[in-house]
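This is input_13.cif. It holds mmCIF, C-alpha atoms and all ligand atoms.
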```cif
data_structure
loop_
_atom_site.label_atom_id
_atom_site.label_comp_id
_atom_site.auth_asym_id
_atom_site.auth_seq_id
_atom_site.Cartn_x
_atom_site.Cartn_y
_atom_site.Cartn_z
CA MET A 1 10.50 19.09 -3.22
CA GLN A 2 12.94 19.85 -0.50
CA ASP A 3 16.43 18.98 -1.57
CA GLN A 4 17.77 19.20 1.94
CA ASN A 5 15.74 16.11 2.71
CA ARG A 6 17.35 14.03 0.02
CA LYS A 7 19.87 11.82 1.71
CA ALA A 8 20.30 8.82 -0.47
CA ASN A 9 23.03 7.87 -2.88
CA TRP A 10 21.45 6.97 -6.17
CA ASN A 11 22.81 6.05 -9.50
CA ARG A 12 19.50 7.04 -11.11
CA ARG A 13 17.97 10.43 -10.59
CA ASP A 14 15.18 10.74 -13.08
CA PHE A 15 13.18 13.13 -10.99
CA LEU A 16 10.57 14.16 -13.48
CA LYS A 17 9.80 10.75 -14.90
CA GLY A 18 6.14 9.99 -14.49
CA PHE A 19 5.52 13.23 -12.68
CA THR A 20 1.79 13.71 -12.67
CA PHE A 21 0.97 16.96 -10.99
CA GLY A 22 0.22 18.65 -14.29
CA ALA A 23 -3.09 16.84 -14.00
CA ALA A 24 -3.70 18.03 -10.46
CA GLY A 25 -7.34 17.90 -9.55
CA VAL A 26 -8.42 16.02 -12.64
CA GLY A 27 -10.56 13.06 -11.76
CA LEU A 28 -10.35 13.67 -8.06
CA SER A 29 -12.55 11.25 -6.21
CA ALA A 30 -15.81 12.96 -5.39
CA THR A 31 -15.95 10.99 -2.17
CA GLY A 32 -12.93 12.79 -0.80
CA LEU A 33 -11.74 11.39 2.47
CA GLY A 34 -15.14 10.62 3.93
CA TYR A 35 -14.70 6.91 3.50
CA PHE A 36 -11.34 6.55 5.10
CA ILE A 37 -11.37 4.34 8.09
CA THR A 38 -11.40 5.54 11.61
CA PRO A 39 -9.65 3.58 14.34
CA ALA A 40 -13.00 2.18 15.38
CA GLN A 41 -13.61 0.86 11.88
CA ALA A 42 -10.13 -0.53 11.53
CA GLN A 43 -10.92 -3.36 13.82
CA ASP A 44 -14.08 -5.27 14.37
CA ALA A 45 -13.81 -7.26 17.58
CA PRO A 46 -10.07 -6.58 17.57
CA PRO A 47 -7.80 -9.44 18.46
CA THR A 48 -4.98 -8.76 20.86
CA LEU A 49 -2.57 -9.82 18.15
CA GLY A 50 -2.74 -10.00 14.39
CA SER A 51 -2.59 -13.18 12.36
CA PHE A 52 0.75 -13.78 10.73
CA LEU A 53 2.35 -15.84 8.00
CA ARG A 54 6.05 -16.48 7.76
CA THR A 55 7.43 -17.55 4.40
CA ASN A 56 10.49 -17.10 2.21
CA ILE A 57 11.45 -15.26 -0.93
CA GLY A 58 14.76 -16.85 -1.82
CA ALA A 59 17.09 -16.13 1.07
CA PHE A 60 14.76 -13.48 2.51
CA THR A 61 12.38 -14.33 5.34
CA VAL A 62 9.06 -12.59 4.90
CA THR A 63 6.51 -12.16 7.69
CA ILE A 64 3.05 -10.87 6.83
CA ILE A 65 1.04 -9.52 9.74
CA GLN A 66 -2.66 -8.72 9.67
CA ASP A 67 -2.88 -5.27 11.22
CA GLY A 68 -6.67 -5.41 11.31
CA THR A 69 -9.79 -5.63 9.22
CA GLY A 70 -12.52 -3.28 8.12
CA GLU A 71 -15.68 -3.48 6.07
CA PHE A 72 -16.09 -1.53 2.85
CA GLY A 73 -19.13 -1.83 0.62
CA TYR A 74 -18.91 -2.34 -3.11
CA ASP A 75 -20.06 1.27 -3.51
CA ILE A 76 -16.53 2.05 -2.24
CA LEU A 77 -14.64 -0.89 -3.74
CA ALA A 78 -16.21 -0.51 -7.19
CA ALA A 79 -17.40 3.06 -6.99
CA ASN A 80 -18.24 3.56 -10.65
CA ALA A 81 -19.61 0.07 -11.35
CA ASP A 82 -22.86 -0.42 -13.18
CA ALA A 83 -25.19 -2.13 -10.71
CA ASP A 84 -26.15 -4.97 -13.02
CA GLU A 85 -22.56 -5.63 -14.08
CA LEU A 86 -21.44 -5.63 -10.45
CA ALA A 87 -24.24 -8.02 -9.53
CA ALA A 88 -23.13 -10.36 -12.31
CA VAL A 89 -19.50 -10.41 -11.12
CA LEU A 90 -20.56 -11.01 -7.51
CA ALA A 91 -22.94 -13.81 -8.52
CA ALA A 92 -20.24 -15.46 -10.63
CA ASN A 93 -18.02 -15.51 -7.54
CA ASN A 94 -20.73 -16.66 -5.10
CA LEU A 95 -20.59 -13.36 -3.21
CA PRO A 96 -23.51 -11.48 -1.67
CA ASN A 97 -23.71 -7.74 -2.29
CA THR A 98 -22.87 -6.95 1.31
CA PRO A 99 -19.67 -5.26 2.52
CA PRO A 100 -16.85 -7.81 2.40
CA LYS A 101 -14.18 -7.84 5.05
CA SER A 102 -11.14 -5.92 3.92
CA THR A 103 -7.81 -6.58 5.54
CA PHE A 104 -4.62 -4.63 6.15
CA ASN A 105 -1.56 -6.78 5.48
CA VAL A 106 1.81 -5.43 6.56
CA MET A 107 5.00 -7.14 5.43
CA VAL A 108 8.32 -7.48 7.21
CA ILE A 109 11.26 -8.52 5.05
CA ASP A 110 14.35 -9.91 6.73
CA ALA A 111 16.93 -9.30 4.03
CA GLY A 112 20.47 -10.00 5.10
CA ASP A 113 21.36 -7.57 7.85
CA ARG A 114 18.28 -5.43 7.24
CA ARG A 115 14.80 -5.79 8.65
CA VAL A 116 12.47 -3.89 6.36
CA LEU A 117 8.87 -2.92 7.11
CA LEU A 118 6.63 -2.31 4.10
CA ASP A 119 4.11 0.27 5.34
CA THR A 120 3.06 0.66 8.95
CA GLY A 121 -0.65 -0.15 9.23
CA ASN A 122 -3.33 1.90 10.95
CA GLY A 123 -1.37 2.78 14.05
CA VAL A 124 -1.31 2.23 17.76
CA GLY A 125 -4.78 1.60 19.13
CA ALA A 126 -6.22 1.07 15.65
CA GLY A 127 -4.13 -1.84 14.43
CA GLN A 128 -2.32 -4.85 15.82
CA LEU A 129 0.98 -4.51 13.99
CA ILE A 130 3.27 -3.24 16.70
CA PRO A 131 2.31 -5.62 19.53
CA THR A 132 2.39 -8.49 17.06
CA LEU A 133 5.89 -7.56 15.92
CA GLY A 134 7.03 -7.81 19.51
CA VAL A 135 5.54 -11.25 20.07
CA LEU A 136 7.07 -12.53 16.83
CA GLY A 137 10.57 -11.49 17.85
CA LEU A 138 10.61 -8.60 15.41
CA PRO A 139 10.32 -5.70 17.85
CA ALA A 140 9.76 -2.19 16.53
CA ASP A 141 13.23 -1.09 17.58
CA SER A 142 14.78 -3.86 15.48
CA ILE A 143 13.33 -2.47 12.24
CA THR A 144 16.17 -0.94 10.20
CA ASP A 145 14.12 0.44 7.29
CA VAL A 146 10.52 1.49 6.78
CA ILE A 147 9.28 1.78 3.21
CA ILE A 148 6.20 3.93 2.64
CA SER A 149 4.22 2.98 -0.47
CA HIS A 150 1.86 5.94 -0.17
CA ILE A 151 0.60 8.31 2.49
CA HIS A 152 -2.92 7.05 3.12
CA PRO A 153 -3.66 6.70 6.84
CA ASP A 154 -3.87 2.90 6.80
CA HIS A 155 -0.26 2.89 5.54
CA VAL A 156 1.39 5.65 7.59
CA GLY A 157 -0.79 5.43 10.70
CA GLY A 158 1.86 3.42 12.52
CA VAL A 159 4.80 5.69 11.74
CA SER A 160 4.48 7.67 14.98
CA GLN A 161 2.22 8.17 17.92
CA ASP A 162 1.75 11.50 19.69
CA GLY A 163 4.90 12.82 18.08
CA VAL A 164 7.07 9.83 18.95
CA VAL A 165 8.43 7.64 16.15
CA ASN A 166 7.38 4.02 16.63
CA PHE A 167 10.47 2.64 14.89
CA PRO A 168 13.27 4.57 16.57
CA ASN A 169 16.18 2.94 14.77
CA ALA A 170 14.74 2.91 11.27
CA ALA A 171 15.50 4.94 8.18
CA PHE A 172 12.25 5.82 6.41
CA HIS A 173 11.95 5.83 2.62
CA ILE A 174 9.33 7.47 0.40
CA GLY A 175 9.13 8.12 -3.35
CA GLU A 176 9.67 11.65 -4.57
CA THR A 177 6.26 12.04 -6.24
CA GLU A 178 4.44 10.81 -3.15
CA TYR A 179 6.52 13.13 -1.00
CA ASP A 180 5.46 15.98 -3.25
CA PHE A 181 1.83 14.86 -2.70
CA LEU A 182 2.46 15.05 1.04
CA ILE A 183 3.92 18.54 0.83
CA ASN A 184 1.76 20.08 -1.92
CA GLY A 185 -1.27 17.81 -2.05
CA ALA A 186 -3.43 19.95 0.21
CA GLU A 187 -3.10 22.73 -2.33
CA ASN A 188 -3.33 20.59 -5.46
CA PHE A 189 -6.06 18.26 -4.21
CA ALA A 190 -8.02 20.48 -1.87
CA PRO A 191 -10.68 17.93 -0.80
CA LEU A 192 -7.85 15.79 0.58
CA ALA A 193 -6.40 18.54 2.76
CA GLN A 194 -7.62 17.01 6.01
CA LEU A 195 -6.34 13.57 5.10
CA ILE A 196 -2.94 14.96 4.13
CA ALA A 197 -2.79 16.95 7.36
CA GLY A 198 -3.32 13.72 9.29
CA SER A 199 -0.59 11.94 7.36
CA THR A 200 1.73 14.90 7.84
CA THR A 201 1.19 14.65 11.59
CA LYS A 202 2.27 11.01 11.44
CA LEU A 203 5.36 11.70 9.32
CA GLN A 204 6.49 15.01 10.82
CA PRO A 205 8.53 13.45 13.65
CA VAL A 206 10.46 11.43 11.07
CA ILE A 207 11.02 14.51 8.90
CA ASP A 208 12.13 16.49 11.95
CA ALA A 209 14.59 13.77 12.88
CA GLY A 210 16.09 13.89 9.39
CA SER A 211 15.35 10.22 8.85
CA LEU A 212 12.98 10.46 5.89
CA ASN A 213 14.78 9.65 2.64
CA ILE A 214 13.11 10.91 -0.52
CA LEU A 215 13.98 8.49 -3.27
CA PRO A 216 13.49 8.14 -7.02
CA ASP A 217 10.19 6.56 -7.99
CA GLU A 218 11.94 3.78 -9.83
CA GLY A 219 14.96 1.65 -9.04
CA GLU A 220 16.51 -0.53 -6.37
CA TRP A 221 15.98 1.16 -2.99
CA LEU A 222 17.55 -1.53 -0.87
CA PRO A 223 19.36 -4.70 -1.93
CA GLY A 224 16.69 -6.90 -3.51
CA ILE A 225 13.88 -4.37 -3.09
CA THR A 226 13.02 -2.32 -6.18
CA ALA A 227 10.49 0.51 -6.44
CA VAL A 228 7.97 0.26 -9.27
CA PRO A 229 5.83 3.33 -10.12
CA ALA A 230 2.12 2.61 -9.64
CA PHE A 231 0.60 6.07 -9.77
CA GLY A 232 -3.07 6.93 -9.59
CA HIS A 233 -4.33 5.43 -6.34
CA THR A 234 -2.34 8.33 -4.98
CA PRO A 235 -0.30 10.58 -7.25
CA GLY A 236 2.92 8.82 -6.28
CA GLN A 237 2.02 5.37 -5.01
CA LEU A 238 4.77 2.81 -5.50
CA ASN A 239 4.80 -0.95 -5.73
CA PHE A 240 7.84 -3.04 -4.82
CA LEU A 241 9.50 -6.02 -6.47
CA ILE A 242 11.26 -8.14 -3.88
CA GLU A 243 13.87 -10.49 -5.31
CA SER A 244 16.30 -12.98 -3.80
CA ASP A 245 18.07 -16.02 -5.21
CA GLY A 246 15.87 -16.22 -8.30
CA ASP A 247 12.64 -15.96 -6.31
CA ALA A 248 10.45 -12.88 -6.52
CA LEU A 249 7.31 -11.28 -5.14
CA LEU A 250 5.56 -8.19 -6.45
CA ALA A 251 3.93 -6.18 -3.67
CA ILE A 252 1.15 -4.29 -5.47
CA MET A 253 -0.09 -2.54 -2.33
CA ASP A 254 -3.33 -0.66 -3.20
CA THR A 255 -3.02 -0.93 -6.97
CA ALA A 256 -5.93 -3.37 -6.62
CA ASN A 257 -7.96 -3.39 -3.43
CA ASN A 258 -10.52 -6.19 -3.56
CA ALA A 259 -9.15 -9.39 -5.02
CA VAL A 260 -12.44 -10.17 -6.80
CA VAL A 261 -13.98 -6.99 -8.15
CA SER A 262 -10.79 -4.95 -8.63
CA LEU A 263 -9.35 -7.74 -10.77
CA ALA A 264 -12.48 -8.73 -12.67
CA ARG A 265 -12.92 -5.14 -13.83
CA THR A 266 -9.80 -3.05 -13.69
CA ASP A 267 -11.84 -0.02 -14.77
CA TRP A 268 -13.86 -0.11 -11.56
CA ALA A 269 -12.43 2.60 -9.34
CA LEU A 270 -11.81 2.47 -5.65
CA ALA A 271 -13.48 5.46 -4.02
CA PHE A 272 -10.08 6.33 -2.55
CA ASP A 273 -8.31 6.51 -5.92
CA THR A 274 -7.03 10.07 -6.18
CA ILE A 275 -6.75 10.01 -9.99
CA PRO A 276 -9.17 7.23 -10.98
CA GLU A 277 -8.35 7.08 -14.71
CA GLN A 278 -4.64 6.78 -14.01
CA ALA A 279 -5.28 4.27 -11.23
CA ALA A 280 -7.24 2.09 -13.68
CA GLU A 281 -4.45 2.22 -16.28
CA THR A 282 -1.90 1.33 -13.62
CA ARG A 283 -4.07 -1.50 -12.32
CA ARG A 284 -4.32 -3.07 -15.75
CA ALA A 285 -0.61 -2.66 -16.45
CA ILE A 286 0.62 -4.01 -13.10
CA LEU A 287 -1.80 -6.95 -13.05
CA GLY A 288 -0.89 -7.67 -16.66
CA ARG A 289 2.77 -7.78 -15.73
CA ALA A 290 2.11 -10.05 -12.76
CA ALA A 291 0.10 -12.42 -14.95
CA THR A 292 2.53 -12.45 -17.86
CA GLU A 293 5.61 -12.90 -15.71
CA GLN A 294 3.79 -15.31 -13.37
CA LEU A 295 4.96 -13.27 -10.42
CA LYS A 296 3.98 -14.14 -6.91
CA THR A 297 1.86 -11.14 -5.93
CA PHE A 298 0.99 -9.51 -2.61
CA GLY A 299 -2.01 -7.23 -2.09
CA TYR A 300 -2.11 -5.04 1.00
CA HIS A 301 -5.91 -5.37 1.16
CA PHE A 302 -6.36 -8.85 -0.31
CA ALA A 303 -7.72 -11.47 2.09
CA PHE A 304 -4.98 -12.37 4.57
CA PRO A 305 -2.18 -13.15 3.89
CA GLY A 306 -2.79 -11.57 0.50
CA VAL A 307 -0.27 -13.65 -1.44
CA GLY A 308 -1.02 -15.50 -4.65
CA TYR A 309 -0.82 -15.38 -8.41
CA ILE A 310 -2.66 -13.30 -10.98
CA ALA A 311 -4.25 -15.09 -13.92
CA ALA A 312 -5.77 -13.42 -16.96
CA GLU A 313 -9.49 -14.15 -17.26
CA GLY A 314 -11.76 -12.66 -19.90
CA ASP A 315 -11.13 -8.95 -20.10
CA GLY A 316 -9.77 -8.90 -16.55
CA PHE A 317 -7.90 -11.02 -14.06
CA ARG A 318 -8.41 -13.55 -11.30
CA PHE A 319 -6.47 -13.97 -8.01
CA VAL A 320 -5.27 -17.46 -7.13
CA PRO A 321 -4.13 -17.55 -3.48
CA ILE A 322 -1.12 -19.58 -2.49
CA ASN A 323 -1.69 -22.45 -0.10
CA ALA A 324 -0.34 -20.67 2.95
ZN ZN B 401 -4.69 1.07 1.81
#
```
Target encoding structure tokens, full file:
Amino acid sequence: MQDQNRKANWNRRDFLKGFTFGAAGVGLSATGLGYFITPAQAQDAPPTLGSFLRTNIGAFTVTIIQDGTGEFGYDILAANADADELAAVLAANNLPNTPPKSTFNVMVIDAGDRRVLLDTGNGVGAGQLIPTLGVLGLPADSITDVIISHIHPDHVGGVSQDGVVNFPNAAFHIGETEYDFLINGAENFAPLAQLIAGSTTKLQPVIDAGSLNILPDEGEWLPGITAVPAFGHTPGQLNFLIESDGDALLAIMDTANNAVVSLARTDWALAFDTIPEQAAETRRAILGRAATEQLKTFGYHFAFPGVGYIAAEGDGFRFVPINA
């Protein structure tokens, strides 16, 4: 941790809560970073612009932009699944065992006088976020805040390009445990060193500019936007509860990746889960909360626009999309 980088005023500073690095290396995905997307994979027949949905959460206007799509097989999406059990879940959902299209959904929240971006997509040349923002009247230089859920390349790829920050007027916000993963992860999770180096390249211009705020893993970061710990996918991944005027949406980011198999069997690991056992516990807990509280839920990789409700079903859950 680098205290000189802490800039925020917080009424809660519970820095060690949920801190997981004592388990460094345990359960590290054997697949390492080999499955992470490349720019070429991030888009198949890339559109000039991404699809978008504009909706409301209370008084907030929310715009969800499809940064791109990629294809990941179930050997990645349900890496530890028994073949017969996987086949049964796919058959029950009328799905062939071929790589489904995964999407990258980036959210913009217009909240009062702030325009908040929730993750930044795959980046210039790999994703469609930034040109689409411009067309929608939400240009990159109008973004006041960028929240980073975790440092995987499909989430921080758009932070900067060739050393230049893509959102020049924004304050950037990251959770303290995930920041520690950025700084110390190459040592603590050696197979991920190359991935972390890539993410560091993306974030370094923001760090150098002094505009990266390192915030507690839990609590209200911005008015109406509250960080919720969701560790395991990465050591410090965060989810976000967005609330306005009695309406709410829980952005679960990569807590669950595929809306069918990740929900049907919360114990099925994503190949990218850094600490798979913890990721599975988090998945069950977060999905359980969403189901119990009947929270509108957003998945970064759920089929566009990735918004719906979570229902309990058998030992797992089912995703019910909203009629967008
Ligand atoms: Zn992701």
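Every protein or nucleic acid residue with an atom no more than 10 Å from Asn184 of chain A, counting only C-alpha atoms and leaving out same-chain residues fewer than 4 positions away, appears here: A:Met1, A:Phe21, A:Glu178, A:Tyr179, A:Asp180, A:Asn188, A:Phe189, A:Ala190, A:Ala193, A:Ile196.
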Return as a tab-separated table (two decimals) with C-alpha atoms, in the coordinates of the input every polymer residue, whether protein, DNA or RNA, with at least one atom no more than 10 Å from an atom of ligand ZN 401 (chain B); count only C-alpha atoms and all ligand atoms.
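Result file is pocket_14.tsv:
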```
chain	number	residue	atom	x	y	z
A	36	PHE	CA	-11.34	6.55	5.10
A	37	ILE	CA	-11.37	4.34	8.09
A	102	SER	CA	-11.14	-5.92	3.92
A	103	THR	CA	-7.81	-6.58	5.54
A	104	PHE	CA	-4.62	-4.63	6.15
A	105	ASN	CA	-1.56	-6.78	5.48
A	119	ASP	CA	4.11	0.27	5.34
A	121	GLY	CA	-0.65	-0.15	9.23
A	122	ASN	CA	-3.33	1.90	10.95
A	149	SER	CA	4.22	2.98	-0.47
A	150	HIS	CA	1.86	5.94	-0.17
A	151	ILE	CA	0.60	8.31	2.49
A	152	HIS	CA	-2.92	7.05	3.12
A	153	PRO	CA	-3.66	6.70	6.84
A	154	ASP	CA	-3.87	2.90	6.80
A	155	HIS	CA	-0.26	2.89	5.54
A	156	VAL	CA	1.39	5.65	7.59
A	233	HIS	CA	-4.33	5.43	-6.34
A	253	MET	CA	-0.09	-2.54	-2.33
A	254	ASP	CA	-3.33	-0.66	-3.20
A	255	THR	CA	-3.02	-0.93	-6.97
A	256	ALA	CA	-5.93	-3.37	-6.62
A	257	ASN	CA	-7.96	-3.39	-3.43
A	272	PHE	CA	-10.08	6.33	-2.55
A	299	GLY	CA	-2.01	-7.23	-2.09
A	300	TYR	CA	-2.11	-5.04	1.00
A	301	HIS	CA	-5.91	-5.37	1.16
```
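Atom CA of Ala303 of chain A to atom CA of Val165 of chain A spans 28.7 Å [interatomic distance, one decimal].
Distances from A:Phe317, A:Trp268, A:Phe52, A:Phe60 to Arg114 of chain A were compared using all atoms listed in the file, and the smallest one belongs to A:Phe60.
Considering only C-alpha atoms, the residue among A:Leu263, A:Leu192, A:Leu295, A:Pro229 positioned nearest to Gly246 of chain A is A:Leu295.
Relative to atom CA of Ile147 of chain A, atom CA of Glu176 of chain A is found at 12.6 Å.
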